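Novice: Handing you a structure now.
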Amino acid sequence: MDAQAVAFAIVAVVALVSGIGVVTTRNVAHAALFLLVSLASVAGVFILLVAEFLALVQVLIYGGAVTIVLLFALMLTRAEEFSNVRANPQWLVGALAAIGVFGAMGAVILNDRLDTQALQGPSLKELGGELFTNWVVPFEIASLVLLMALIGAIILARASDNDAPGSGG
Amino acid sequence: MELYHVELLSAALFAIGVYGVLARRNAVMVLMAVELMLNAATINAVAYAAFLDPGRLVGQVITVFIITVAAAEVGLAMAIILRLYRVRATANVDEADEMKG
């Protein structure tokens with residue numbers, strides 16, 4: 001086993017264990033912190049796959065923004081409801097579905113190995129050039145999507161007068 | 001590290017996300033599980049870009065867009081959860097089962 005394989009094994013185990021922590025812990029704040037660890041491990045996987053820019057984006061967007069937004073939402077809603085989340089009675093169905101999904105995908109992955117080339121990644125210059133030439137229209141549309149999501153979130157979350165709990169409006 | 005190792009990691013993360021979406025009742029927990037599934041998809045895209053695509057670029061560009069859409073999705077979902085909490089005083093997805101405002 002070379003150093004790369006050892007590093008991959010470590011980040012994969014950390015990502016999976018903290019991922020299981022996200023879906024099993026009863027405390028939502030703990031789940032958000034587990035999610036942060038899992039997403040940071042995925043950034044490690046990106047580094048091993050020679051995608052340094054995406055690793056940086058992953059840490060900045062997921063670690064910096066998404067987790068903070070999740071924690072803010074926990075803070076703004078009632079804390080006591082979140083500190084001890086009960087299990088859903090259909091957890092068994094969920095577990096069976098998850099095992100089925102993993103079994104099906106794992107069987108396909110192991111049965112049908114693809115012919116791979118040597119591991120290598122593009123330079124940041126190539127990635128930026130591609131993004132701003134061949135993909136410039138999707139890039140602009142993505143910025144519009146972000147703008148619309150921002151405006152929509154403000155409109156949805158804005159407090160109005162008749163918003164007392166249970167008033168239905 | 002072979003391609004199928006990365007694919008298996010991605011499949012396992014996706015399965016964990018499936019369990020989380022189906023088995024949790026709190027809307028914030030469901031959202032976190034959706035984030036795990038999105039991450040599994042991005043791992044696959046990056047792995048295929050690194051191992052299979054001769055140009056090495058398309059998978060990474062797609063991943064940039066997936067992360068962008070995920071960020072927009074989290075912002076909107078948070079607004080909806082806050083709104084739901086304000087109207088219903090709960091963040092339990094099982095209790096938000098009707099379309100009536």
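Naming scheme: A, B, ... for chains in displayed order of the structure tokens; residues 1 onward per chain; ligands 1 onward as shown.
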Could you name the residues that touch Tyr48 of chain B at 12 Å or less, counting only C-alpha atoms, but leaving out those on the same chain fewer than 4 positions away, as a ChimeraX atom specification?
Specialist: /A:46,49-51,114-121 /B:2-4,6-7,10,41-44,52-60,62-63
Novice: Taking only C-alpha atoms into account, what are the residues of chain A at most 6 Å from chain B, put as an MDAnalysis selection string?
Specialist: chainID A and resid 5 23 88 90:91 94:95 98 102 116:117 119:122 146 149 153 156:157 165:166 168
Novice: Report as a short mmCIF file (atom, residue, chain, number, x, y, z; two decimals) with C-alpha atoms, in the first residue's frame all protein, DNA and RNA residues lying within 8 Å of Ser38 of chain A, evaluated on only C-alpha atoms, omitting residues in the same chain fewer than 2 positions from it.
Specialist:
```
data_model
loop_
_atom_site.label_atom_id
_atom_site.label_comp_id
_atom_site.auth_asym_id
_atom_site.auth_seq_id
_atom_site.Cartn_x
_atom_site.Cartn_y
_atom_site.Cartn_z
CA VAL A 14 -13.55 9.50 8.59
CA ALA A 15 -16.11 10.56 5.96
CA LEU A 16 -18.20 7.40 6.45
CA SER A 18 -19.01 11.04 10.54
CA GLY A 19 -21.68 10.52 7.85
CA PHE A 34 -20.53 15.69 12.16
CA LEU A 35 -21.62 17.01 8.76
CA LEU A 36 -18.76 19.52 8.86
CA ALA A 40 -14.01 18.26 5.16
CA SER A 41 -13.09 14.61 4.57
CA VAL A 42 -14.68 14.83 1.13
#
```
Novice: By how many Å are atom CA of Lys125 of chain A and atom CA of Ala43 of chain A apart?
Specialist: 20.0 Å
